[in-house]
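Note: the block below is work07.txt and it holds compact mmCIF, C-alpha atoms and all ligand atoms.
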```
# COMPACT_ATOMS: atom_id res chain seq x y z
CA MET A 1 6.38 -6.40 -32.72
CA ARG A 2 7.05 -9.93 -33.90
CA TRP A 3 5.09 -11.57 -31.14
CA GLU A 4 3.04 -14.24 -32.87
CA GLY A 5 4.03 -17.84 -32.27
CA ARG A 6 6.02 -17.06 -29.15
CA ARG A 7 5.61 -18.54 -25.72
CA THR A 8 2.51 -17.51 -23.80
CA SER A 9 2.58 -16.99 -20.05
CA GLN A 10 0.75 -19.45 -17.82
CA ASN A 11 0.04 -16.63 -15.39
CA VAL A 12 -2.85 -14.93 -17.15
CA GLU A 13 -6.07 -15.22 -15.21
CA ASP A 14 -9.28 -14.44 -17.08
CA ARG A 15 -11.93 -12.86 -14.88
CA ARG A 16 -13.87 -11.18 -17.63
CA GLY A 17 -17.60 -11.58 -17.33
CA MET A 18 -17.57 -11.10 -13.57
CA ARG A 19 -20.60 -9.09 -12.56
CA PHE A 20 -21.07 -7.26 -9.32
CA GLY A 21 -24.50 -6.63 -7.90
CA ARG A 22 -26.02 -3.23 -7.42
CA ALA A 23 -27.17 -1.85 -4.11
CA GLY A 24 -29.84 0.76 -3.66
CA GLY A 25 -29.86 1.74 -7.27
CA ILE A 26 -26.50 3.43 -7.02
CA GLY A 27 -24.27 2.82 -9.97
CA LEU A 28 -21.16 0.74 -9.70
CA GLY A 29 -18.34 2.30 -7.78
CA THR A 30 -19.53 5.88 -7.72
CA ILE A 31 -16.82 6.84 -5.27
CA VAL A 32 -14.14 5.30 -7.40
CA LEU A 33 -15.34 7.12 -10.48
CA ALA A 34 -14.98 10.44 -8.74
CA LEU A 35 -11.37 9.64 -7.99
CA VAL A 36 -10.48 8.25 -11.34
CA ALA A 37 -7.10 9.11 -12.58
CA ALA A 38 -7.27 9.30 -16.31
CA TYR A 39 -4.19 7.26 -16.98
CA PHE A 40 -2.60 4.00 -16.03
CA GLY A 41 -0.13 3.36 -13.28
CA VAL A 42 -2.05 5.10 -10.57
CA ASP A 43 -1.16 4.22 -7.04
CA PRO A 44 -3.94 1.83 -6.10
CA SER A 45 -3.95 2.90 -2.48
CA VAL A 46 -4.97 6.35 -3.66
CA VAL A 47 -7.54 5.37 -6.20
CA LEU A 48 -9.08 2.13 -5.10
CA GLN A 49 -11.08 3.25 -2.14
CA GLY A 50 -14.37 1.91 -3.33
CA THR A 51 -16.18 -1.14 -2.12
CA PRO A 52 -18.29 -3.28 -4.37
CA PRO A 53 -21.95 -2.23 -4.27
CA SER A 54 -22.78 -5.72 -3.14
CA GLN A 55 -20.75 -8.67 -2.00
CA GLN A 56 -22.46 -10.83 -4.56
CA ALA A 57 -20.54 -11.36 -7.71
CA GLU A 58 -21.44 -13.76 -10.45
CA GLN A 59 -19.47 -15.00 -13.37
CA VAL A 60 -21.23 -14.96 -16.71
CA PRO A 61 -19.68 -16.38 -19.87
CA TYR A 62 -17.68 -13.72 -21.60
CA GLN A 63 -17.94 -13.44 -25.37
CA GLU A 64 -14.77 -11.94 -26.68
CA SER A 65 -14.47 -10.31 -30.07
CA PRO A 66 -11.72 -11.45 -32.47
CA GLU A 67 -9.84 -8.26 -31.62
CA GLU A 68 -10.06 -9.02 -27.90
CA ALA A 69 -8.89 -12.59 -28.49
CA ARG A 70 -5.89 -11.21 -30.30
CA LEU A 71 -5.15 -8.75 -27.50
CA ARG A 72 -5.46 -11.51 -24.90
CA ALA A 73 -2.94 -13.63 -26.79
CA PHE A 74 -0.68 -10.62 -27.19
CA VAL A 75 -0.74 -9.74 -23.51
CA GLY A 76 0.11 -13.37 -22.68
CA VAL A 77 3.20 -13.22 -24.88
CA VAL A 78 4.30 -9.87 -23.47
CA LEU A 79 3.91 -11.18 -19.92
CA ALA A 80 5.97 -14.25 -20.86
CA GLU A 81 8.70 -11.97 -22.22
CA THR A 82 8.76 -10.03 -18.94
CA GLU A 83 9.11 -13.35 -17.09
CA ASP A 84 12.09 -14.28 -19.24
CA ALA A 85 13.73 -10.88 -18.90
CA TRP A 86 13.30 -10.49 -15.15
CA GLY A 87 13.91 -14.18 -14.55
CA SER A 88 17.40 -13.89 -15.99
CA ILE A 89 18.13 -10.54 -14.35
CA PHE A 90 17.19 -11.93 -10.93
CA ALA A 91 19.10 -15.16 -11.59
CA ALA A 92 22.22 -13.18 -12.50
CA ALA A 93 21.96 -11.52 -9.08
CA GLY A 94 21.57 -14.90 -7.37
CA GLN A 95 17.87 -14.41 -6.71
CA THR A 96 14.68 -16.05 -7.87
CA TYR A 97 12.11 -13.99 -9.71
CA GLN A 98 8.59 -14.63 -8.47
CA GLN A 99 6.28 -14.20 -11.42
CA PRO A 100 3.16 -12.07 -10.99
CA SER A 101 -0.23 -13.06 -12.33
CA LEU A 102 -2.03 -10.85 -14.78
CA VAL A 103 -5.77 -10.61 -14.29
CA LEU A 104 -7.96 -9.74 -17.25
CA PHE A 105 -11.21 -8.16 -16.23
CA SER A 106 -14.17 -6.43 -17.81
CA SER A 107 -15.80 -3.38 -16.25
CA ALA A 108 -14.91 -4.03 -12.62
CA VAL A 109 -12.75 -6.24 -10.44
CA GLN A 110 -12.12 -6.97 -6.79
CA SER A 111 -8.44 -6.89 -5.84
CA ALA A 112 -6.55 -6.96 -2.55
CA CYS A 113 -6.18 -3.21 -3.07
CA GLY A 114 -9.92 -2.69 -3.25
CA PHE A 115 -12.69 -2.66 -5.77
CA ALA A 116 -11.73 -1.17 -9.10
CA GLU A 117 -13.54 -0.18 -12.22
CA ALA A 118 -12.06 -0.28 -15.67
CA ALA A 119 -11.88 3.50 -15.69
CA VAL A 120 -8.91 3.46 -13.32
CA GLY A 121 -6.86 1.91 -16.09
CA PRO A 122 -4.38 -0.94 -15.67
CA PHE A 123 -2.83 -1.20 -12.24
CA TYR A 124 -0.61 -3.34 -10.06
CA CYS A 125 -1.71 -4.35 -6.59
CA PRO A 126 1.20 -5.08 -4.23
CA GLY A 127 -1.22 -6.73 -1.78
CA ASP A 128 -1.86 -9.70 -4.05
CA ARG A 129 1.05 -9.14 -6.43
CA GLN A 130 -1.14 -9.09 -9.49
CA VAL A 131 -1.38 -6.90 -12.53
CA TYR A 132 -4.94 -5.97 -13.50
CA ILE A 133 -6.02 -4.89 -16.94
CA ASP A 134 -9.24 -4.34 -18.78
CA LEU A 135 -8.33 -4.73 -22.43
CA SER A 136 -10.70 -1.93 -23.40
CA PHE A 137 -8.04 0.43 -22.03
CA TYR A 138 -6.12 -0.17 -25.21
CA GLN A 139 -8.79 1.63 -27.19
CA ASP A 140 -8.36 4.63 -24.88
CA LEU A 141 -4.63 4.48 -25.28
CA GLN A 142 -5.03 4.83 -29.00
CA SER A 143 -7.96 7.20 -29.33
CA ARG A 144 -7.84 9.29 -26.18
CA PHE A 145 -4.13 9.41 -25.47
CA GLY A 146 -2.94 9.23 -29.06
CA ALA A 147 -0.58 6.33 -28.44
CA PRO A 148 -1.31 3.63 -31.02
CA GLY A 149 0.66 0.49 -31.73
CA ASP A 150 1.36 -2.86 -30.18
CA PHE A 151 4.55 -1.74 -28.54
CA ALA A 152 2.70 1.02 -26.73
CA GLN A 153 0.36 -1.70 -25.47
CA ALA A 154 3.27 -3.85 -24.35
CA TYR A 155 4.83 -0.90 -22.54
CA VAL A 156 1.72 -0.66 -20.35
CA VAL A 157 2.17 -4.27 -19.21
CA ALA A 158 5.91 -3.83 -18.77
CA HIS A 159 5.38 -0.72 -16.63
CA GLU A 160 2.99 -2.55 -14.31
CA VAL A 161 5.39 -5.48 -14.08
CA GLY A 162 7.97 -2.83 -13.18
CA HIS A 163 5.89 -2.09 -10.08
CA HIS A 164 5.94 -5.79 -9.29
CA VAL A 165 9.74 -5.79 -9.47
CA GLN A 166 9.78 -2.79 -7.14
CA THR A 167 7.66 -4.79 -4.73
CA LEU A 168 9.98 -7.80 -4.89
CA LEU A 169 12.99 -5.57 -4.29
CA GLY A 170 11.36 -3.92 -1.28
CA ILE A 171 11.36 -0.52 -2.98
CA SER A 172 7.59 -0.09 -2.96
CA GLU A 173 7.28 -0.77 0.75
CA ARG A 174 10.12 1.59 1.65
CA ASN A 175 8.59 4.29 -0.49
CA ARG A 176 5.12 3.75 0.89
CA ALA A 177 6.41 4.20 4.43
CA ALA A 178 8.34 7.33 3.44
CA ARG A 179 5.29 8.81 1.75
CA GLN A 180 3.17 8.32 4.82
CA ARG A 181 5.56 10.46 6.83
CA ALA A 182 5.86 13.11 4.13
CA SER A 183 3.87 16.20 3.26
CA GLU A 184 1.56 15.97 0.29
CA VAL A 185 4.01 17.70 -2.03
CA GLU A 186 6.86 15.47 -0.88
CA ALA A 187 4.68 12.39 -1.17
CA ASN A 188 3.86 13.32 -4.74
CA ALA A 189 7.55 13.77 -5.50
CA LEU A 190 8.27 10.29 -4.12
CA SER A 191 5.45 8.89 -6.21
CA VAL A 192 7.02 10.46 -9.30
CA ARG A 193 10.34 8.75 -8.51
CA GLN A 194 8.64 5.41 -8.13
CA GLU A 195 6.69 5.80 -11.38
CA LEU A 196 9.73 6.92 -13.35
CA GLN A 197 11.58 3.89 -12.06
CA ALA A 198 8.76 1.67 -13.31
CA ASP A 199 9.18 3.37 -16.70
CA CYS A 200 12.90 2.66 -16.54
CA PHE A 201 12.17 -0.98 -15.68
CA ALA A 202 9.82 -1.11 -18.68
CA GLY A 203 12.79 0.12 -20.69
CA ILE A 204 14.89 -2.76 -19.34
CA TRP A 205 12.23 -5.13 -20.56
CA ALA A 206 12.34 -3.46 -23.98
CA HIS A 207 16.12 -3.85 -23.97
CA ASN A 208 15.71 -7.59 -23.51
CA ALA A 209 12.84 -7.80 -25.99
CA ASP A 210 15.08 -6.18 -28.56
CA ARG A 211 17.79 -8.73 -27.94
CA SER A 212 15.30 -11.56 -28.37
CA GLN A 213 14.29 -10.19 -31.78
CA LEU A 214 10.83 -9.22 -30.62
CA LEU A 215 11.04 -5.63 -31.75
CA GLU A 216 10.60 -4.21 -35.21
CA ALA A 217 11.50 -0.85 -36.67
CA GLY A 218 9.32 1.87 -35.15
CA ASP A 219 8.55 -0.02 -31.94
CA ILE A 220 10.74 2.05 -29.66
CA GLU A 221 9.29 5.23 -31.15
CA GLU A 222 5.84 3.90 -30.29
CA GLY A 223 6.96 3.31 -26.72
CA LEU A 224 8.47 6.77 -26.41
CA ASN A 225 5.33 8.29 -27.87
CA ALA A 226 3.24 6.40 -25.32
CA ALA A 227 5.48 7.52 -22.45
CA ALA A 228 5.13 11.11 -23.60
CA ALA A 229 1.38 10.80 -24.06
CA ILE A 230 0.82 9.92 -20.43
CA GLY A 231 3.08 12.49 -18.83
CA ASP A 232 1.40 14.44 -16.04
CA ASP A 233 1.94 17.77 -17.74
CA ARG A 234 0.28 16.69 -20.93
CA LEU A 235 -2.63 15.04 -19.15
CA GLN A 236 -3.20 18.00 -16.88
CA LYS A 237 -3.17 20.34 -19.81
CA GLN A 238 -5.70 18.16 -21.59
CA SER A 239 -8.06 17.94 -18.66
CA SER A 240 -7.79 21.34 -17.00
CA GLY A 241 -5.87 23.54 -19.40
CA TYR A 242 -3.02 24.25 -17.00
CA VAL A 243 -0.09 22.42 -15.41
CA SER A 244 0.81 22.24 -11.73
CA PRO A 245 4.09 20.36 -11.28
CA GLU A 246 3.79 19.94 -7.49
CA SER A 247 0.75 17.75 -8.04
CA PHE A 248 2.55 15.44 -10.46
CA THR A 249 2.49 11.82 -9.40
CA HIS A 250 4.01 10.18 -12.48
CA GLY A 251 6.40 12.69 -13.96
CA SER A 252 6.35 14.92 -16.99
CA SER A 253 6.29 13.60 -20.54
CA GLU A 254 9.94 14.47 -20.93
CA GLN A 255 10.90 12.64 -17.73
CA ARG A 256 8.91 9.55 -18.61
CA VAL A 257 10.58 9.39 -22.01
CA ARG A 258 14.02 9.92 -20.50
CA TRP A 259 13.73 7.13 -17.92
CA PHE A 260 12.21 4.66 -20.33
CA LYS A 261 15.10 5.38 -22.68
CA ARG A 262 17.64 4.98 -19.93
CA GLY A 263 16.38 1.50 -19.09
CA PHE A 264 16.22 0.60 -22.75
CA GLU A 265 19.74 1.70 -23.50
CA SER A 266 21.45 0.34 -20.38
CA GLY A 267 19.39 -2.76 -19.62
CA SER A 268 20.61 -2.45 -16.04
CA VAL A 269 18.65 -2.09 -12.82
CA GLU A 270 21.39 0.11 -11.32
CA SER A 271 20.85 2.73 -13.99
CA CYS A 272 17.22 3.05 -12.86
CA ASP A 273 17.90 4.48 -9.42
CA THR A 274 15.44 7.35 -9.61
CA PHE A 275 15.58 7.70 -5.83
CA ALA A 276 19.27 8.55 -5.70
CA THR A 277 19.44 11.01 -8.56
CA ARG A 278 19.17 14.76 -8.05
CA SER A 279 17.73 15.61 -11.40
CA LEU A 280 14.98 13.48 -12.78
ZN ZN A 301 2.79 3.16 -12.43
```

Please render this file's structure as structure tokens.
Amino acid sequence: MRWEGRRTSQNVEDRRGMRFGRAGGIGLGTIVLALVAAYFGVDPSVVLQGTPPSQQAEQVPYQESPEEARLRAFVGVVLAETEDAWGSIFAAAGQTYQQPSLVLFSSAVQSACGFAEAAVGPFYCPGDRQVYIDLSFYQDLQSRFGAPGDFAQAYVVAHEVGHHVQTLLGISERNRAARQRASEVEANALSVRQELQADCFAGIWAHNADRSQLLEAGDIEEGLNAAAAIGDDRLQKQSSGYVSPESFTHGSSEQRVRWFKRGFESGSVESCDTFATRSL
């Protein structure tokens, strides 16, 4: 990606170096760890059930490595590009896009959705309309999920911003209510539709990034590779050796690739209606 020298978002909030106390010798967020989903985009209401071990948090100066400084700058540019893309899409529809903040954290963070540890991966919290990311996730993305490259990293941010757009459009709330009334299998299926739509919205961002000359040869392939790497089928196979589609919450690798591509090729929100389609 040709990202250097571009506008940086003003909405990045740096909370790295925040430390949470320990209570009774129990490690940080034990409950959360047990529930950790091994990939980003988890529904925070499912995963973030932990409470901080102690209410006391202190901020200590955070020493970032040159690589982290570069990633911070990169994330700021990607967020700015999402603001531009969604700002003009909303404006074209006569609406105003409310920009989300992006919170950088290290190890653990307190959000309106609960207390989270870095192991949950990046997430979006509808309660405070913020994207949360621990930059160390990007090492996992490369080494554990086999999805290297800066565009793969940008896709992660764009997907979470996709959840923000769903919140602004009222989609998240409608879906949350529907899931509460549904059986577990049905609720999972609704979650898949919501996640695939966020992938499609990430594709819309990529469509705009391409038009603003941000992308280079190979970038889209990186994005597609990342989408495939975090499909439920592939992750389940990695962790347990078998695949159970009714427990999918994000969609298969093939579906994630398809919906990202659809957003990328069309650039239109209408084409991302994963809730209306019969075949995902
Ligand atoms: Zn997601």

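Taking CA of Ala112 (chain A) as the reference point, CA of Arg129 (chain A) is found at 8.8 Å.
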
Among listed residues A:Glu195, A:Glu216, A:Glu246, A:Glu222, nearest ligand ZN 301 (chain A) (using only C-alpha atoms and all ligand atoms):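 For ligand ZN 301 (chain A), the nearest of the candidates is A:Glu195.
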
Spatial neighbours of region 258-274 of chain A, max dist 8 Å, only C-alpha atoms, sep filter under 2 positions, as a ChimeraX atom specification: /A:193-194,196-197,199-208,224,227,254-256,276-277,280

Interatomic distance, CA of Gln59 (chain A) to CA of Arg19 (chain A) (Å, one decimal): 6.1 Å

Length of the CA of Cys113 (chain A) to CA of Leu71 (chain A) vector [Å]: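 Atom-to-atom, CA of Cys113 (chain A) and CA of Leu71 (chain A) are spaced 25.1 Å apart.
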
Nearest to ligand ZN 301 (chain A) by atom-to-atom distance, counting all atoms listed in the file, from A:Tyr155, A:Arg144, A:Tyr124, A:Asp134: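 Of all the options, A:Tyr124 lies closest to ligand ZN 301 (chain A).
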
Would you mind listing what lies within 12 Å of Thr96 (chain A) as an mmCIF file with C-alpha atoms, in the coordinates of the input, with only C-alpha atoms counted and same-chain residues fewer than 2 positions away left out?
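Output file around-v1.cif follows:
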```
data_model
loop_
_atom_site.group_PDB
_atom_site.id
_atom_site.type_symbol
_atom_site.label_atom_id
_atom_site.label_comp_id
_atom_site.auth_asym_id
_atom_site.auth_seq_id
_atom_site.Cartn_x
_atom_site.Cartn_y
_atom_site.Cartn_z
ATOM 1 C CA GLU A 83 9.110 -13.350 -17.090
ATOM 2 C CA ASP A 84 12.090 -14.280 -19.240
ATOM 3 C CA TRP A 86 13.300 -10.490 -15.150
ATOM 4 C CA GLY A 87 13.910 -14.180 -14.550
ATOM 5 C CA SER A 88 17.400 -13.890 -15.990
ATOM 6 C CA ILE A 89 18.130 -10.540 -14.350
ATOM 7 C CA PHE A 90 17.190 -11.930 -10.930
ATOM 8 C CA ALA A 91 19.100 -15.160 -11.590
ATOM 9 C CA ALA A 92 22.220 -13.180 -12.500
ATOM 10 C CA ALA A 93 21.960 -11.520 -9.080
ATOM 11 C CA GLY A 94 21.570 -14.900 -7.370
ATOM 12 C CA GLN A 98 8.590 -14.630 -8.470
ATOM 13 C CA GLN A 99 6.280 -14.200 -11.420
ATOM 14 C CA VAL A 165 9.740 -5.790 -9.470
ATOM 15 C CA LEU A 168 9.980 -7.800 -4.890
ATOM 16 C CA LEU A 169 12.990 -5.570 -4.290
#
```

Option closest in space to ligand ZN 301 (chain A), from A:Asn225, A:Gln180, A:Gln166, A:Ser244 [counting only C-alpha atoms and all ligand atoms]: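 The answer is A:Gln166, which sits nearest to ligand ZN 301 (chain A).
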
Of the listed residues A:Ala229, A:Ile220, A:Ala198, A:Ile171, that which approaches ligand ZN 301 (chain A) most closely, counting all atoms listed in the file: A:Ala198

Nearest to Gly76 (chain A), chosen from A:Glu117, A:Gln10, A:Gln63, A:Val109, with all atoms listed in the file counted in the distances: A:Gln10
